[in-house]
>>> print(open('start_21.cif').read())   # mmCIF, C-alpha atoms and all ligand atoms; chains and numbers go by the auth columns
data_my_file
#
loop_
_atom_site.group_PDB
_atom_site.id
_atom_site.type_symbol
_atom_site.label_atom_id
_atom_site.label_comp_id
_atom_site.label_asym_id
_atom_site.label_seq_id
_atom_site.Cartn_x
_atom_site.Cartn_y
_atom_site.Cartn_z
_atom_site.B_iso_or_equiv
_atom_site.auth_seq_id
_atom_site.auth_asym_id
ATOM 1 C CA MET A 1 -17.055 7.361 -16.460 0.00 20 A
ATOM 2 C CA LYS A 2 -18.196 3.774 -17.056 0.00 21 A
ATOM 3 C CA ASN A 3 -14.970 2.614 -15.340 0.00 22 A
ATOM 4 C CA ASN A 4 -15.667 4.894 -12.370 0.00 23 A
ATOM 5 C CA TYR A 5 -19.162 3.489 -11.947 0.00 24 A
ATOM 6 C CA GLU A 6 -17.861 -0.073 -12.081 0.00 25 A
ATOM 7 C CA TYR A 7 -15.041 0.740 -9.660 0.00 26 A
ATOM 8 C CA TYR A 8 -17.354 2.241 -7.024 0.00 27 A
ATOM 9 C CA ARG A 9 -19.798 -0.636 -7.415 0.00 28 A
ATOM 10 C CA LEU A 10 -16.980 -3.038 -6.493 0.00 29 A
ATOM 11 C CA ALA A 11 -15.315 -0.857 -3.835 0.00 30 A
ATOM 12 C CA GLY A 12 -18.263 0.939 -2.237 0.00 31 A
ATOM 13 C CA ASN A 13 -18.941 -1.301 0.742 0.00 32 A
ATOM 14 C CA ILE A 14 -15.275 -1.235 1.808 0.00 33 A
ATOM 15 C CA LEU A 15 -14.752 2.498 1.227 0.00 34 A
ATOM 16 C CA SER A 16 -17.702 3.408 3.470 0.00 35 A
ATOM 17 C CA ASN A 17 -16.979 0.834 6.197 0.00 36 A
ATOM 18 C CA ASN A 18 -16.239 2.358 9.617 0.00 37 A
ATOM 19 C CA TYR A 19 -13.173 0.184 10.262 0.00 38 A
ATOM 20 C CA PHE A 20 -11.762 1.052 6.865 0.00 39 A
ATOM 21 C CA LEU A 21 -12.461 4.769 7.442 0.00 40 A
ATOM 22 C CA GLU A 22 -10.137 4.516 10.468 0.00 41 A
ATOM 23 C CA LEU A 23 -7.241 4.417 7.975 0.00 42 A
ATOM 24 C CA LYS A 24 -7.756 8.136 7.373 0.00 43 A
ATOM 25 C CA LYS A 25 -6.087 8.698 10.747 0.00 44 A
ATOM 26 C CA ASP A 26 -2.817 6.994 9.768 0.00 45 A
ATOM 27 C CA ASN A 27 -0.037 8.857 7.953 0.00 46 A
ATOM 28 C CA HIS A 28 1.409 7.039 4.979 0.00 47 A
ATOM 29 C CA HIS A 29 3.966 8.345 2.434 0.00 48 A
ATOM 30 C CA GLY A 30 3.072 11.915 3.382 0.00 49 A
ATOM 31 C CA THR A 31 -0.643 11.280 2.793 0.00 50 A
ATOM 32 C CA ASN A 32 -3.024 8.970 4.698 0.00 51 A
ATOM 33 C CA LYS A 33 -3.506 5.219 4.414 0.00 52 A
ATOM 34 C CA TYR A 34 -7.125 5.507 3.221 0.00 53 A
ATOM 35 C CA ASP A 35 -6.170 7.612 0.177 0.00 54 A
ATOM 36 C CA HIS A 36 -3.117 5.434 -0.489 0.00 55 A
ATOM 37 C CA CYS A 37 -5.166 2.211 -0.484 0.00 56 A
ATOM 38 C CA LYS A 38 -7.830 3.758 -2.693 0.00 57 A
ATOM 39 C CA ARG A 39 -5.189 4.870 -5.209 0.00 58 A
ATOM 40 C CA VAL A 40 -3.571 1.413 -5.263 0.00 59 A
ATOM 41 C CA SER A 41 -6.975 -0.189 -5.717 0.00 60 A
ATOM 42 C CA TYR A 42 -7.987 2.119 -8.579 0.00 61 A
ATOM 43 C CA VAL A 43 -4.665 1.756 -10.435 0.00 62 A
ATOM 44 C CA SER A 44 -4.938 -2.036 -9.978 0.00 63 A
ATOM 45 C CA PHE A 45 -8.455 -1.916 -11.400 0.00 64 A
ATOM 46 C CA LEU A 46 -7.191 -0.099 -14.522 0.00 65 A
ATOM 47 C CA PHE A 47 -4.340 -2.623 -14.907 0.00 66 A
ATOM 48 C CA ALA A 48 -6.846 -5.461 -14.494 0.00 67 A
ATOM 49 C CA LYS A 49 -8.838 -4.025 -17.403 0.00 68 A
ATOM 50 C CA ILE A 50 -5.715 -3.854 -19.584 0.00 69 A
ATOM 51 C CA PHE A 51 -4.359 -7.307 -18.659 0.00 70 A
ATOM 52 C CA LYS A 52 -7.748 -9.016 -18.427 0.00 71 A
ATOM 53 C CA ALA A 53 -7.390 -9.899 -14.754 0.00 72 A
ATOM 54 C CA ASP A 54 -10.146 -10.283 -12.136 0.00 73 A
ATOM 55 C CA CYS A 55 -11.346 -6.700 -11.449 0.00 74 A
ATOM 56 C CA LYS A 56 -13.271 -7.502 -8.273 0.00 75 A
ATOM 57 C CA GLU A 57 -10.302 -9.314 -6.736 0.00 76 A
ATOM 58 C CA VAL A 58 -7.793 -6.517 -7.418 0.00 77 A
ATOM 59 C CA VAL A 59 -10.185 -3.783 -6.249 0.00 78 A
ATOM 60 C CA ARG A 60 -10.717 -5.559 -2.908 0.00 79 A
ATOM 61 C CA ALA A 61 -7.126 -6.715 -2.387 0.00 80 A
ATOM 62 C CA GLY A 62 -5.858 -3.268 -3.453 0.00 81 A
ATOM 63 C CA LEU A 63 -8.076 -1.520 -0.919 0.00 82 A
ATOM 64 C CA LEU A 64 -7.151 -3.904 1.884 0.00 83 A
ATOM 65 C CA HIS A 65 -3.429 -4.419 1.161 0.00 84 A
ATOM 66 C CA ASP A 66 -2.455 -1.945 3.947 0.00 85 A
ATOM 67 C CA PHE A 67 -5.428 -2.570 6.223 0.00 86 A
ATOM 68 C CA PHE A 68 -3.548 -2.337 9.514 0.00 87 A
ATOM 69 C CA PHE A 69 -3.974 0.221 12.267 0.00 88 A
ATOM 70 C CA GLY A 70 -1.247 2.635 13.365 0.00 89 A
ATOM 71 C CA GLU A 71 2.162 3.476 11.951 0.00 90 A
ATOM 72 C CA ARG A 72 4.583 0.847 10.620 0.00 91 A
ATOM 73 C CA THR A 73 7.054 1.612 13.400 0.00 92 A
ATOM 74 C CA GLU A 74 4.428 1.507 16.163 0.00 93 A
ATOM 75 C CA LYS A 75 4.076 -2.270 16.594 0.00 94 A
ATOM 76 C CA GLU A 76 6.011 -5.306 15.439 0.00 95 A
ATOM 77 C CA GLU A 77 2.979 -6.607 13.528 0.00 96 A
ATOM 78 C CA ASN A 78 2.955 -3.365 11.483 0.00 97 A
ATOM 79 C CA SER A 79 6.593 -3.616 10.324 0.00 98 A
ATOM 80 C CA TYR A 80 7.640 -3.545 6.647 0.00 99 A
ATOM 81 C CA LEU A 81 7.383 -7.300 6.270 0.00 100 A
ATOM 82 C CA ASN A 82 4.764 -8.145 8.898 0.00 101 A
ATOM 83 C CA HIS A 83 2.079 -5.665 7.866 0.00 102 A
ATOM 84 C CA PRO A 84 0.991 -7.658 4.770 0.00 103 A
ATOM 85 C CA HIS A 85 0.113 -10.587 7.065 0.00 104 A
ATOM 86 C CA THR A 86 -1.579 -8.311 9.601 0.00 105 A
ATOM 87 C CA SER A 87 -3.595 -6.681 6.796 0.00 106 A
ATOM 88 C CA ALA A 88 -4.681 -10.081 5.432 0.00 107 A
ATOM 89 C CA ILE A 89 -5.840 -11.162 8.921 0.00 108 A
ATOM 90 C CA ASN A 90 -7.795 -7.902 9.409 0.00 109 A
ATOM 91 C CA ALA A 91 -9.280 -8.145 5.916 0.00 110 A
ATOM 92 C CA LYS A 92 -10.459 -11.700 6.610 0.00 111 A
ATOM 93 C CA LYS A 93 -11.938 -10.626 9.939 0.00 112 A
ATOM 94 C CA TYR A 94 -13.853 -7.554 8.715 0.00 113 A
ATOM 95 C CA PHE A 95 -14.530 -8.317 5.026 0.00 114 A
ATOM 96 C CA ASN A 96 -14.401 -12.101 4.766 0.00 115 A
ATOM 97 C CA ILE A 97 -11.974 -11.987 1.821 0.00 116 A
ATOM 98 C CA THR A 98 -11.216 -15.051 -0.325 0.00 117 A
ATOM 99 C CA ASP A 99 -8.000 -17.056 0.065 0.00 118 A
ATOM 100 C CA LYS A 100 -6.754 -15.640 -3.225 0.00 119 A
ATOM 101 C CA GLU A 101 -7.377 -12.046 -2.110 0.00 120 A
ATOM 102 C CA ALA A 102 -5.535 -12.844 1.144 0.00 121 A
ATOM 103 C CA SER A 103 -2.588 -14.208 -0.841 0.00 122 A
ATOM 104 C CA ASP A 104 -2.508 -11.041 -3.028 0.00 123 A
ATOM 105 C CA ILE A 105 -2.342 -8.934 0.142 0.00 124 A
ATOM 106 C CA ARG A 106 0.376 -11.073 1.760 0.00 125 A
ATOM 107 C CA THR A 107 2.730 -10.779 -1.241 0.00 126 A
ATOM 108 C CA HIS A 108 2.329 -7.057 -1.964 0.00 127 A
ATOM 109 C CA MET A 109 5.742 -6.185 -0.471 0.00 128 A
ATOM 110 C CA PHE A 110 7.657 -8.422 -2.901 0.00 129 A
ATOM 111 C CA HIS A 111 9.472 -5.365 -4.324 0.00 130 A
ATOM 112 C CA HIS A 112 10.823 -4.657 -0.831 0.00 131 A
ATOM 113 C CA VAL A 113 12.059 -8.261 -0.510 0.00 132 A
ATOM 114 C CA LEU A 114 13.851 -7.920 -3.863 0.00 133 A
ATOM 115 C CA VAL A 115 15.494 -4.659 -2.781 0.00 134 A
ATOM 116 C CA LYS A 116 16.610 -6.369 0.437 0.00 135 A
ATOM 117 C CA LYS A 117 18.244 -9.182 -1.563 0.00 136 A
ATOM 118 C CA ILE A 118 20.192 -6.679 -3.687 0.00 137 A
ATOM 119 C CA PHE A 119 21.020 -4.362 -0.767 0.00 138 A
ATOM 120 C CA PRO A 120 21.122 -6.551 2.388 0.00 139 A
ATOM 121 C CA PHE A 121 21.620 -3.508 4.633 0.00 140 A
ATOM 122 C CA VAL A 122 18.058 -2.336 3.827 0.00 141 A
ATOM 123 C CA ASN A 123 15.776 -3.242 6.756 0.00 142 A
ATOM 124 C CA TYR A 124 18.417 -5.796 7.852 0.00 143 A
ATOM 125 C CA LYS A 125 16.524 -6.785 11.013 0.00 144 A
ATOM 126 C CA GLU A 126 13.689 -8.455 9.125 0.00 145 A
ATOM 127 C CA LYS A 127 14.220 -11.729 7.276 0.00 146 A
ATOM 128 C CA ALA A 128 12.349 -12.712 4.128 0.00 147 A
ATOM 129 C CA LYS A 129 12.633 -15.380 1.454 0.00 148 A
ATOM 130 C CA ILE A 130 11.864 -14.618 -2.193 0.00 149 A
ATOM 131 C CA LYS A 131 9.894 -17.844 -2.635 0.00 150 A
ATOM 132 C CA ASP A 132 7.592 -17.072 0.316 0.00 151 A
ATOM 133 C CA ASN A 133 6.836 -13.541 -0.874 0.00 152 A
ATOM 134 C CA ARG A 134 6.550 -14.034 -4.634 0.00 153 A
ATOM 135 C CA PRO A 135 3.166 -12.938 -6.080 0.00 154 A
ATOM 136 C CA ARG A 136 1.307 -16.099 -7.115 0.00 155 A
ATOM 137 C CA SER A 137 -1.097 -14.777 -9.742 0.00 156 A
ATOM 138 C CA LYS A 138 -1.608 -12.046 -12.308 0.00 157 A
ATOM 139 C CA GLU A 139 -3.809 -10.228 -9.773 0.00 158 A
ATOM 140 C CA ALA A 140 -1.130 -10.412 -7.048 0.00 159 A
ATOM 141 C CA THR A 141 1.512 -9.041 -9.451 0.00 160 A
ATOM 142 C CA ILE A 142 -0.834 -6.175 -10.337 0.00 161 A
ATOM 143 C CA ILE A 143 -1.318 -5.266 -6.643 0.00 162 A
ATOM 144 C CA CYS A 144 2.431 -5.331 -6.039 0.00 163 A
ATOM 145 C CA LEU A 145 3.261 -3.179 -9.088 0.00 164 A
ATOM 146 C CA SER A 146 0.439 -0.707 -8.404 0.00 165 A
ATOM 147 C CA ASP A 147 1.593 -0.299 -4.798 0.00 166 A
ATOM 148 C CA LEU A 148 5.111 0.446 -6.025 0.00 167 A
ATOM 149 C CA LEU A 149 3.928 2.938 -8.650 0.00 168 A
ATOM 150 C CA VAL A 150 1.565 4.714 -6.266 0.00 169 A
ATOM 151 C CA SER A 151 4.224 4.844 -3.525 0.00 170 A
ATOM 152 C CA VAL A 152 6.726 6.514 -5.870 0.00 171 A
ATOM 153 C CA TYR A 153 4.026 8.969 -6.983 0.00 172 A
ATOM 154 C CA GLU A 154 3.090 9.795 -3.376 0.00 173 A
ATOM 155 C CA PHE A 155 6.698 10.268 -2.293 0.00 174 A
ATOM 156 C CA GLU A 156 7.188 12.613 -5.247 0.00 175 A
ATOM 157 C CA LYS A 157 3.963 14.491 -4.698 0.00 176 A
ATOM 158 C CA TYR A 158 3.906 14.841 -0.920 0.00 177 A
ATOM 159 C CA ARG A 159 7.241 14.008 0.636 0.00 178 A
ATOM 160 C CA LEU A 160 9.403 15.804 -1.935 0.00 179 A
ATOM 161 C CA ARG A 161 7.362 18.967 -1.585 0.00 180 A
ATOM 162 C CA TYR A 162 7.519 18.567 2.181 0.00 181 A
ATOM 163 C CA GLY A 163 11.279 17.955 1.965 0.00 182 A
ATOM 164 C CA ILE A 164 11.815 21.026 -0.244 0.00 183 A
ATOM 165 C CA SER A 165 9.789 23.175 2.170 0.00 184 A
ATOM 166 C CA LEU A 166 11.825 21.885 5.101 0.00 185 A
ATOM 167 C CA THR A 167 15.125 22.500 3.301 0.00 186 A
ATOM 168 C CA PHE A 168 13.962 26.006 2.403 0.00 187 A
ATOM 169 C CA LEU A 169 13.008 26.696 6.019 0.00 188 A
ATOM 170 C CA PHE A 170 16.331 25.264 7.176 0.00 189 A
ATOM 171 C CA LEU A 171 18.278 27.555 4.788 0.00 190 A
ATOM 172 C CA ILE A 172 16.249 30.602 5.827 0.00 191 A
ATOM 173 C CA ASN A 173 17.014 29.792 9.447 0.00 192 A
ATOM 174 C CA LEU A 174 20.684 29.334 8.616 0.00 193 A
ATOM 175 C CA LEU A 175 20.857 32.748 6.915 0.00 194 A
ATOM 176 C CA THR A 176 19.245 34.501 9.869 0.00 195 A
ATOM 177 C CA ILE A 177 21.772 33.107 12.364 0.00 196 A
ATOM 178 C CA GLN A 178 24.117 35.942 13.326 0.00 197 A
HETATM 179 FE FE FE B . 2.149 -2.151 2.355 0.00 201 B
HETATM 180 FE FE FE B . 0.831 0.173 0.146 0.00 202 B
#
>>> encode(input="start_21.cif", output="structure tokens")
Amino acid sequence: MKNNYEYYRLAGNILSNNYFLELKKDNHHGTNKYDHCKRVSYVSFLFAKIFKADCKEVVRAGLLHDFFFGERTEKEENSYLNHPHTSAINAKKYFNITDKEASDIRTHMFHHVLVKKIFPFVNYKEKAKIKDNRPRSKEATIICLSDLLVSVYEFEKYRLRYGISLTFLFLINLLTIQ
């Protein structure tokens, strides 16, 4: 309860901002970007408590880490590796974030860069260097890990259920074909 109060005190002005509310329109991992960002921010806040990191910084960077408009495939600036930079630019423009918060946002896709290094065929069109995308602080590492955890949770919760429903529908359709 005390944590909730502190979280909303730090996040409130972003959560109720009209530009940020626009994220409710964008699909993301089977849910919407607003809910995704809020989850990442809250999980980051809890990690910050555990690891004695800067709570305000992770709440803000967590909320704004995917602060871009439209789907990832819609525009080049929204791609897997460009959207962290686009989000940092938008966050600076609308919320005047600090340089450290901007850096946390820019490095939140480090897990994707690592996956690309191990499996070069993943998103092969985009190039990325580990040293340019490495989280540079405890807070940045927290944002990156929370994003990964929340993404797995959302895929499990929404996409899997969606996938099972689709498979079920597909099988039903298959059985009814004469
Ligand atoms: Fe992202
Ligand atoms: Fe994200």
>>> closest_residue(input="start_21.cif", among="A:Tyr61, A:Phe88, A:Phe138, A:Tyr38", to="Glu76 (chain A)", atoms="only C-alpha atoms")
A:Tyr61
>>> residues_around(input="start_21.cif", residues="region 108-120 of chain A", least_positions_apart="4", cutoff="12 Å", atoms="all atoms listed in the file", output="ChimeraX atom specification")
/A:30,32-34,36-39,73-88,96-97,101-104,124-127,154-160,162
>>> residues_around(input="start_21.cif", residues="Lys44 (chain A)", least_positions_apart="3", cutoff="9 Å", atoms="all atoms listed in the file", output="PyMOL selection string")
chain A and resi 40-41+51-53+88-89
>>> closest_residue(input="start_21.cif", among="A:Lys71, A:His130, A:Glu95, A:Asp166", to="ligand FE 202 (chain B)", atoms="only C-alpha atoms and all ligand atoms")
A:Asp166
>>> closest_residue(input="start_21.cif", among="A:Val169, A:Met128, A:Val141, A:Ala121", to="ligand FE 201 (chain B)", atoms="only C-alpha atoms and all ligand atoms")
A:Met128
>>> atom_distance(input="start_21.cif", atom1="CA of Gly31 (chain A)", atom2="CA of Ser60 (chain A)")
11.9 Å
